[in-house]
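Q: Okay, here's the structure, questions in a sec.
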Number of protein chains: 2
Amino acid sequence: MAFIGIDKGGTRHTLVLADAAGTVVRHVQHGTDRAAGAAGELVTLRADIEALLAEAVALGTPVRAIGISFGGPVDVEAGVTILSHHVPGWEGVSLRALAEEWSGVPAVLDNDANVGALGEWAFGAGVGCRDMVYVNVGTGIGGGVIANGRLVRGQGSMAGEIGHLTIDPAGPPCTCGRTGCLEAYAAGPGVERRYQERTGVARSGREIFARALEGDIDAKAVVTDTADYLARGIGAAVCLLNPGRVVLGGGLSETGAQLFDPLNAALPRYVLPQERDTRVVPAQLGYDSGVRGAVALAMERVE
Amino acid sequence: MAFIGIDKGGTRHTLVLADAAGTVVRHVQHGTDRAAGAAGELVTLRADIEALLAEAVALGTPVRAIGISFGGPVDVEAGVTILSHHVPGWEGVSLRALAEEWSGVPAVLDNDANVGALGEWAFGAGVGCRDMVYVNVGTGIGGGVIANGRLVRGQGSMAGEIGHLTIDPAGPPCTCGRTGCLEAYAAGPGVERRYQERTGVARSGREIFARALEGDIDAKAVVTDTADYLARGIGAAVCLLNPGRVVLGGGLSETGAQLFDPLNAALPRYVLPQERDTRVVPAQLGYDSGVRGAVALAMERVE
């Protein structure tokens with residue numbers, strides 16, 4: 001048996017054909033033609049799916065299910081995309097039903113944070129954990145929760161939103177319309193804002209981390225505070241879920257030990273003494289977490 | 001088939017015999033003889049278990065499993081009690097193995113917060129929810145998480161500790177040895193401390209809530225702040241888990257609408273707009289949540 005995993009991101013889509021163990025045997029990627037919109041992307045997606053289905057048949061291991069990661073909000077129960085922040089026309093597309101119609105096999109659709117969590121858990125930094133928390137820090141903060149070896153979606157498919165834990169209700173405005181969320185402090189724009197508040201100078205998150213390594217006092221303070229804010233949010237997740245491991249991915253995680261060391265040093269302040277050995281570790285799959293997670297989603301579907 | 005549920009609390013133990021649907025058919029309770037310690041309690045527990053086993057046989061529905069709620073920390077994997085804060089001698093008792101030896105059927109042991117969550121979910125205020133968060137507010141704050149219809153224990157059986165979410169790292173000392181935990185603000189002693197800080201007068205939580213109803217400005221402010229602190233902790237759990245319902249039990253929950261109204265009014269400040277209809281509802285089983293949850297624990301064991 002085989003599976004197809006699809007990662008529909010903002011700037012490209014990636015498909016893989018995986019064997020019964022989830023190992024990738026074929027990899028296809030296409031950039032997004034914004035002008036063609038969702039309709040154009042659907043045409044390419046269909047052709048890519050059909051090519052992989054044919055390849056699976058040629059290999060003698062027909063596809064049993066398709067998993068789809070979508071880079072934007074989705075209605076998981078209905079299998080419908082709500083919108084893409086990058087490409088017009090994705091409002092209310094029944095992507096799951098389309099994939100099932102094209103392929104004749106069951107499909108599952110979920111958002112990229114949930115699917116990324118599943119990918120890291122099944123094939124990356126979370127392998128071997130029954131319970132895992134995944135956090136993705138980039139221009140926003142998303143996340144996913146695995147408990148008892150299963151993805152937790154919650155009642156309205158809204159679980160895992162660690163970026164919207166309140167750090168301080170009197171804090172800065174957040175993209176969600178409220179104030180003081182973890183995301184408003186510790187995602188890229190929050191890091192940049194805090195540096196600018198201290199120095200009056202606008203710099204990118206990458207520059208701030210680079211300057212901190214060079215000894216810039218303000219940049220160092222901003223990095224330390226970033227680690228501490230993340231430790232507070234992650235600490236809340238650890239108190240509630242007692243995961244075996246916390247996996248951190250996204251652009252900010254690429255700063256490596258510069259972020260992970262102070263983050264792991266701060267975490268014991270925000271968890272019970274019995275949990276002070278809980279570690280935050282880097283995600284291992286990088287941009288492949290979506291497409292590998294989509295394979296895991298498909299595999300879960302036929303279990 | 002039948003089940004035995006046992007709630008070993010600090011001042012008494014309760015046993016029930018339940019039928020295949022979890023309905024209680026027999027109820028037994030004994031007060032704790034502190035002087036006799038754990039050894040004395042084990043003798044009574046064994047006799048009570050044997051009486052219920054015999055009764056089940058007489059009814060023609062033999063017991064298939066035993067669930068045990070213990071009022072103190074336990075090692076769930078090992079089935080061993082760690083200690084009781086109320087009765088000496090409970091350090092390292094293999095209570096699960098003893099129950100299995102006495103009865104000849106499988107037993108499961110868990111702490112009272114987890115078992116209370118399971119009880120409310122299976123038979124009380126959480127019926128019909130796939131995902132539920134349980135919070136117990138009394139002299140401390142405990143909790144339990146149900147996700148995908150299963151109790152979440154976490155890697156080291158420490159999940160559900162919502163009372164130890166950090167509200168403010170610079171806040172008051174907590175029983176856990178850290179500072180600024182939700183419990184330090186919103187459990188009974190925290191409520192009393194905040195009232196005393198405002199007024200210089202020491203009053204019980206019950207008195208403070210009563211005075212708030214009579215118009216005492218300070219007591220009203222303390223009650224409102226209590227609801228707001230609880231909403232912050234619960235809001236974090238809602239962001240992470242998106243439960244269908246939050247069930248609040250324990251002594252403080254007996255204040256009814258006086259607590260639940262401001263708590264539900266405050267909650268939208270701490271959750272995403274899509275989750276603003278999430279409700280905190282009173283636990284329904286009262287002191288029976290432990291023993292009913294123990295029945296659910298036993299039922300889960302033979303599933």
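Chain labels follow the order of the structure tokens: the first chain is A, the next B, and so on; residue numbering restarts at 1 in every chain, and ligands are counted from 1 in their shown order.
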Mind listing the strand (DSSP E) residues of region 52-246 of chain A, per DSSP on the backbone, as an MDAnalysis selection string?
A: chainID A and resid 63:70 74:75 80:81 107:111 132:137 141:147 150:152 245:246
Q: Just want the 6 Å neighbourhood of region 121-133 of chain B, counted on only C-alpha atoms, with same-chain residues fewer than 2 positions away dropped. Output as a short mmCIF file (atom, residue, chain, number, x, y, z; two decimals) with C-alpha atoms, in the first residue's frame.
A:
data_model
loop_
_atom_site.label_atom_id
_atom_site.label_comp_id
_atom_site.auth_asym_id
_atom_site.auth_seq_id
_atom_site.Cartn_x
_atom_site.Cartn_y
_atom_site.Cartn_z
CA GLY A 154 -10.56 20.11 19.70
CA LEU B 118 -13.21 11.27 33.87
CA GLY B 119 -16.28 11.07 36.14
CA VAL B 145 -7.88 16.94 30.40
CA ILE B 146 -9.99 14.74 28.12
CA ALA B 147 -8.93 14.85 24.45
CA ASN B 148 -10.32 12.71 21.65
CA GLY B 149 -12.51 11.03 24.28
CA PRO B 243 -12.62 21.86 24.50
CA GLY B 244 -16.36 21.67 23.92
CA ARG B 245 -16.87 22.59 27.55
CA VAL B 246 -14.90 23.46 30.68
CA ALA B 283 -19.52 20.10 37.87
CA GLN B 284 -22.61 17.96 38.44
CA LEU B 285 -21.42 15.03 40.51
#
Q: Find, counting only C-alpha atoms, the residue in A:Ala51, A:Ile66, A:Ala170, A:Ala187 that gets nearest to His27 (chain A).
A: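 Looking only at the distances to His27 (chain A), the closest residue turns out to be A:Ala51.
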Q: Using only C-alpha atoms, I'd like a table of the residues in chain A that come within 10 Å of chain B; for each, show the closest atom pair and its distance in Å rounded to one decimal, ordered by chain and ascending number, as a tab-separated table.
A:
residue	atom	partner	partner_atom	distance
A:Cys129	CA	B:Gln155	CA	8.0
A:Arg130	CA	B:Gln155	CA	7.2
A:Asp131	CA	B:Gly154	CA	6.0
A:Met132	CA	B:Gly154	CA	8.8
A:Val133	CA	B:Leu240	CA	9.7
A:Gly143	CA	B:Leu240	CA	8.5
A:Gly144	CA	B:Leu240	CA	8.1
A:Val145	CA	B:Leu240	CA	7.6
A:Ile146	CA	B:Ala147	CA	9.6
A:Ala147	CA	B:Val152	CA	6.4
A:Asn148	CA	B:Val152	CA	6.6
A:Arg150	CA	B:Asn148	CA	7.9
A:Leu151	CA	B:Asn148	CA	8.4
A:Val152	CA	B:Ala147	CA	6.4
A:Arg153	CA	B:Leu241	CA	7.3
A:Gly154	CA	B:Asn242	CA	4.5
A:Gln155	CA	B:Gly244	CA	5.1
A:Gly156	CA	B:Asn242	CA	6.8
A:Ser157	CA	B:Asn242	CA	7.3
A:Met158	CA	B:Asn242	CA	5.6
A:Ala159	CA	B:Leu241	CA	4.5
A:Gly160	CA	B:Leu240	CA	4.5
A:Glu161	CA	B:Cys239	CA	5.2
A:Ile162	CA	B:Leu240	CA	5.7
A:Gly163	CA	B:Cys239	CA	8.4
A:His164	CA	B:Cys239	CA	6.6
A:Leu165	CA	B:Ala236	CA	5.2
A:Thr166	CA	B:Tyr270	CA	6.2
A:Ile167	CA	B:Ile167	CA	7.9
A:Asp168	CA	B:Ile167	CA	8.5
A:Pro169	CA	B:Arg269	CA	8.0
A:Cys176	CA	B:Leu272	CA	7.0
A:Gly177	CA	B:Pro273	CA	8.3
A:Arg178	CA	B:Arg269	CA	7.3
A:Thr179	CA	B:Arg269	CA	8.7
A:Gly180	CA	B:Tyr270	CA	9.5
A:Cys181	CA	B:Tyr270	CA	8.6
A:Arg232	CA	B:Thr166	CA	7.3
A:Gly233	CA	B:Ala236	CA	8.8
A:Gly235	CA	B:Leu165	CA	7.3
A:Ala236	CA	B:Leu165	CA	5.2
A:Ala237	CA	B:Leu240	CA	7.2
A:Val238	CA	B:Ala159	CA	7.6
A:Cys239	CA	B:Glu161	CA	5.2
A:Leu240	CA	B:Gly160	CA	4.4
A:Leu241	CA	B:Ala159	CA	4.5
A:Asn242	CA	B:Gly154	CA	4.6
A:Pro243	CA	B:Gly154	CA	5.5
A:Gly244	CA	B:Gln155	CA	5.1
A:Arg245	CA	B:Gln155	CA	8.8
A:Pro268	CA	B:Arg178	CA	9.7
A:Arg269	CA	B:Arg178	CA	7.3
A:Tyr270	CA	B:Thr166	CA	6.2
A:Val271	CA	B:His164	CA	7.2
A:Leu272	CA	B:Cys176	CA	7.0
A:Pro273	CA	B:Cys176	CA	7.7
A:Gln274	CA	B:Met158	CA	8.0
A:Glu275	CA	B:Met158	CA	7.9
A:Thr278	CA	B:Gln155	CA	9.7
Q: Can you list, as a PDB file with N, CA and C atoms, in the first residue's frame, every protein, DNA or RNA residue that comes within 8 Å of Val295 (chain A) when you count only C-alpha atoms, leaving out same-chain residues fewer than 5 positions away?
A:
ATOM      1  N   PHE A   3       0.758   5.929   0.060  1.00  0.00           N
ATOM      2  CA  PHE A   3       0.018   7.118   0.472  1.00  0.00           C
ATOM      3  C   PHE A   3       0.519   8.329  -0.299  1.00  0.00           C
ATOM      4  N   ILE A   4      -0.376   9.293  -0.499  1.00  0.00           N
ATOM      5  CA  ILE A   4       0.056  10.575  -1.061  1.00  0.00           C
ATOM      6  C   ILE A   4      -0.075  11.641   0.021  1.00  0.00           C
ATOM      7  N   GLY A   5       0.983  12.413   0.189  1.00  0.00           N
ATOM      8  CA  GLY A   5       0.958  13.560   1.093  1.00  0.00           C
ATOM      9  C   GLY A   5       1.066  14.836   0.272  1.00  0.00           C
ATOM     10  N   ILE A   6       0.227  15.819   0.600  1.00  0.00           N
ATOM     11  CA  ILE A   6       0.230  17.085  -0.143  1.00  0.00           C
ATOM     12  C   ILE A   6       0.392  18.240   0.834  1.00  0.00           C
ATOM     13  N   VAL A  16       4.142  14.181  -2.205  1.00  0.00           N
ATOM     14  CA  VAL A  16       5.026  13.014  -2.174  1.00  0.00           C
ATOM     15  C   VAL A  16       4.195  11.751  -2.276  1.00  0.00           C
ATOM     16  N   ALA A  18       4.445   8.017  -0.772  1.00  0.00           N
ATOM     17  CA  ALA A  18       5.170   7.329   0.299  1.00  0.00           C
ATOM     18  C   ALA A  18       4.737   5.873   0.351  1.00  0.00           C
ATOM     19  N   GLY A  22       5.666   4.973   5.253  1.00  0.00           N
ATOM     20  CA  GLY A  22       5.725   6.427   5.239  1.00  0.00           C
ATOM     21  C   GLY A  22       6.993   6.979   4.614  1.00  0.00           C
ATOM     22  N   ILE A  66      -5.078   9.868   0.912  1.00  0.00           N
ATOM     23  CA  ILE A  66      -4.361  11.112   0.645  1.00  0.00           C
ATOM     24  C   ILE A  66      -4.503  12.031   1.859  1.00  0.00           C
ATOM     25  N   GLY A  67      -3.386  12.578   2.316  1.00  0.00           N
ATOM     26  CA  GLY A  67      -3.405  13.571   3.384  1.00  0.00           C
ATOM     27  C   GLY A  67      -3.038  14.925   2.802  1.00  0.00           C
ATOM     28  N   GLY A 119       3.713  15.503  11.481  1.00  0.00           N
ATOM     29  CA  GLY A 119       4.924  15.129  10.748  1.00  0.00           C
ATOM     30  C   GLY A 119       6.116  14.958  11.679  1.00  0.00           C
TER      31      GLY A 119
END
Q: Enumerate, as a PyMOL selection string, the complete set of residues in region 89-209 of chain B that a backbone-based DSSP assignment places in helix (DSSP H, G or I).
A: chain B and resi 95-103+112-123+162-164+182-186+188-199+205-209
Q: Residues of the last selection are to be written out with N, CA and C atoms, as a CSV table (one decimal), in the first residue's frame.
A:
chain,number,residue,atom,x,y,z
B,95,LEU,N,-1.1,-0.2,45.5
B,95,LEU,CA,-2.5,-0.3,45.7
B,95,LEU,C,-3.2,-1.1,44.6
B,96,ARG,N,-2.7,-0.8,43.3
B,96,ARG,CA,-3.3,-1.5,42.2
B,96,ARG,C,-3.1,-3.0,42.3
B,97,ALA,N,-1.8,-3.4,42.6
B,97,ALA,CA,-1.5,-4.8,42.7
B,97,ALA,C,-2.3,-5.5,43.8
B,98,LEU,N,-2.4,-4.8,45.0
B,98,LEU,CA,-3.2,-5.3,46.1
B,98,LEU,C,-4.7,-5.6,45.7
B,99,ALA,N,-5.3,-4.6,45.0
B,99,ALA,CA,-6.7,-4.7,44.6
B,99,ALA,C,-6.8,-5.9,43.6
B,100,GLU,N,-5.8,-6.0,42.7
B,100,GLU,CA,-5.9,-7.2,41.8
B,100,GLU,C,-5.7,-8.5,42.5
B,101,GLU,N,-4.8,-8.5,43.5
B,101,GLU,CA,-4.6,-9.8,44.3
B,101,GLU,C,-5.9,-10.2,45.0
B,102,TRP,N,-6.5,-9.1,45.7
B,102,TRP,CA,-7.7,-9.4,46.5
B,102,TRP,C,-8.9,-9.9,45.6
B,103,SER,N,-9.0,-9.3,44.4
B,103,SER,CA,-10.2,-9.5,43.5
B,103,SER,C,-10.0,-10.5,42.4
B,112,ASP,N,-7.0,11.8,42.1
B,112,ASP,CA,-8.4,12.3,42.2
B,112,ASP,C,-8.7,13.3,41.1
B,113,ALA,N,-7.8,14.2,40.7
B,113,ALA,CA,-8.1,15.2,39.7
B,113,ALA,C,-8.4,14.5,38.4
B,114,ASN,N,-7.5,13.6,38.0
B,114,ASN,CA,-7.8,12.9,36.7
B,114,ASN,C,-9.1,12.1,36.8
B,115,VAL,N,-9.3,11.4,37.9
B,115,VAL,CA,-10.5,10.6,38.0
B,115,VAL,C,-11.8,11.4,38.0
B,116,GLY,N,-11.7,12.6,38.7
B,116,GLY,CA,-12.8,13.5,38.8
B,116,GLY,C,-13.2,14.0,37.4
B,117,ALA,N,-12.1,14.3,36.6
B,117,ALA,CA,-12.4,14.7,35.2
B,117,ALA,C,-13.1,13.6,34.4
B,118,LEU,N,-12.6,12.4,34.6
B,118,LEU,CA,-13.2,11.3,33.9
B,118,LEU,C,-14.7,11.1,34.3
B,119,GLY,N,-14.9,11.2,35.6
B,119,GLY,CA,-16.3,11.1,36.1
B,119,GLY,C,-17.2,12.1,35.5
B,120,GLU,N,-16.8,13.4,35.5
B,120,GLU,CA,-17.7,14.4,35.0
B,120,GLU,C,-17.9,14.2,33.5
B,121,TRP,N,-16.9,13.7,32.8
B,121,TRP,CA,-17.0,13.5,31.4
B,121,TRP,C,-17.9,12.3,31.0
B,122,ALA,N,-17.8,11.3,31.8
B,122,ALA,CA,-18.6,10.1,31.5
B,122,ALA,C,-20.0,10.2,32.0
B,123,PHE,N,-20.2,10.8,33.2
B,123,PHE,CA,-21.5,10.7,33.8
B,123,PHE,C,-22.1,12.1,34.3
B,162,ILE,N,-3.4,22.6,35.8
B,162,ILE,CA,-3.8,24.0,35.4
B,162,ILE,C,-3.5,25.0,36.6
B,163,GLY,N,-3.5,24.5,37.8
B,163,GLY,CA,-3.3,25.4,38.9
B,163,GLY,C,-1.9,25.9,38.9
B,164,HIS,N,-1.0,25.3,38.2
B,164,HIS,CA,0.4,25.8,38.2
B,164,HIS,C,0.8,26.5,36.9
B,182,LEU,N,-1.4,30.2,39.1
B,182,LEU,CA,-2.8,30.5,39.2
B,182,LEU,C,-3.3,30.1,40.6
B,183,GLU,N,-2.9,28.9,41.1
B,183,GLU,CA,-3.3,28.5,42.4
B,183,GLU,C,-3.1,29.5,43.5
B,184,ALA,N,-1.9,30.2,43.4
B,184,ALA,CA,-1.5,31.2,44.5
B,184,ALA,C,-2.5,32.4,44.5
B,185,TYR,N,-3.2,32.6,43.4
B,185,TYR,CA,-4.1,33.7,43.3
B,185,TYR,C,-5.6,33.3,43.6
B,186,ALA,N,-6.0,32.1,43.0
B,186,ALA,CA,-7.4,31.8,42.9
B,186,ALA,C,-7.9,30.7,43.7
B,188,GLY,N,-8.6,28.8,47.4
B,188,GLY,CA,-9.1,29.4,48.7
B,188,GLY,C,-8.1,30.3,49.4
B,189,PRO,N,-6.9,29.8,49.7
B,189,PRO,CA,-5.9,30.6,50.5
B,189,PRO,C,-5.5,31.9,49.7
B,190,GLY,N,-5.5,31.8,48.4
B,190,GLY,CA,-5.1,33.0,47.6
B,190,GLY,C,-6.2,34.0,47.6
B,191,VAL,N,-7.5,33.6,47.6
B,191,VAL,CA,-8.6,34.5,47.7
B,191,VAL,C,-8.5,35.2,49.1
B,192,GLU,N,-8.3,34.4,50.1
B,192,GLU,CA,-8.2,35.0,51.5
B,192,GLU,C,-7.1,36.0,51.6
B,193,ARG,N,-5.9,35.6,51.0
B,193,ARG,CA,-4.8,36.5,51.1
B,193,ARG,C,-5.0,37.8,50.4
B,194,ARG,N,-5.7,37.8,49.2
B,194,ARG,CA,-5.9,39.0,48.5
B,194,ARG,C,-6.9,39.9,49.3
B,195,TYR,N,-7.9,39.3,49.9
B,195,TYR,CA,-8.8,40.1,50.7
B,195,TYR,C,-8.1,40.7,51.9
B,196,GLN,N,-7.3,40.0,52.5
B,196,GLN,CA,-6.5,40.5,53.7
B,196,GLN,C,-5.6,41.6,53.3
B,197,GLU,N,-5.0,41.5,52.1
B,197,GLU,CA,-4.1,42.5,51.6
B,197,GLU,C,-4.8,43.8,51.4
B,198,ARG,N,-6.1,43.7,50.9
B,198,ARG,CA,-6.9,44.9,50.7
B,198,ARG,C,-7.4,45.6,51.9
B,199,THR,N,-7.8,44.7,52.9
B,199,THR,CA,-8.6,45.2,54.1
B,199,THR,C,-7.8,45.1,55.4
B,205,GLY,N,-12.8,32.2,52.6
B,205,GLY,CA,-13.3,32.4,51.3
B,205,GLY,C,-14.9,32.5,51.3
B,206,ARG,N,-15.5,31.6,52.0
B,206,ARG,CA,-17.0,31.6,52.1
B,206,ARG,C,-17.5,33.0,52.6
B,207,GLU,N,-16.9,33.5,53.6
B,207,GLU,CA,-17.3,34.8,54.2
B,207,GLU,C,-17.1,35.9,53.1
B,208,ILE,N,-16.0,35.8,52.4
B,208,ILE,CA,-15.7,36.9,51.4
B,208,ILE,C,-16.7,36.9,50.3
B,209,PHE,N,-17.1,35.7,49.8
B,209,PHE,CA,-18.1,35.6,48.8
B,209,PHE,C,-19.5,36.1,49.4
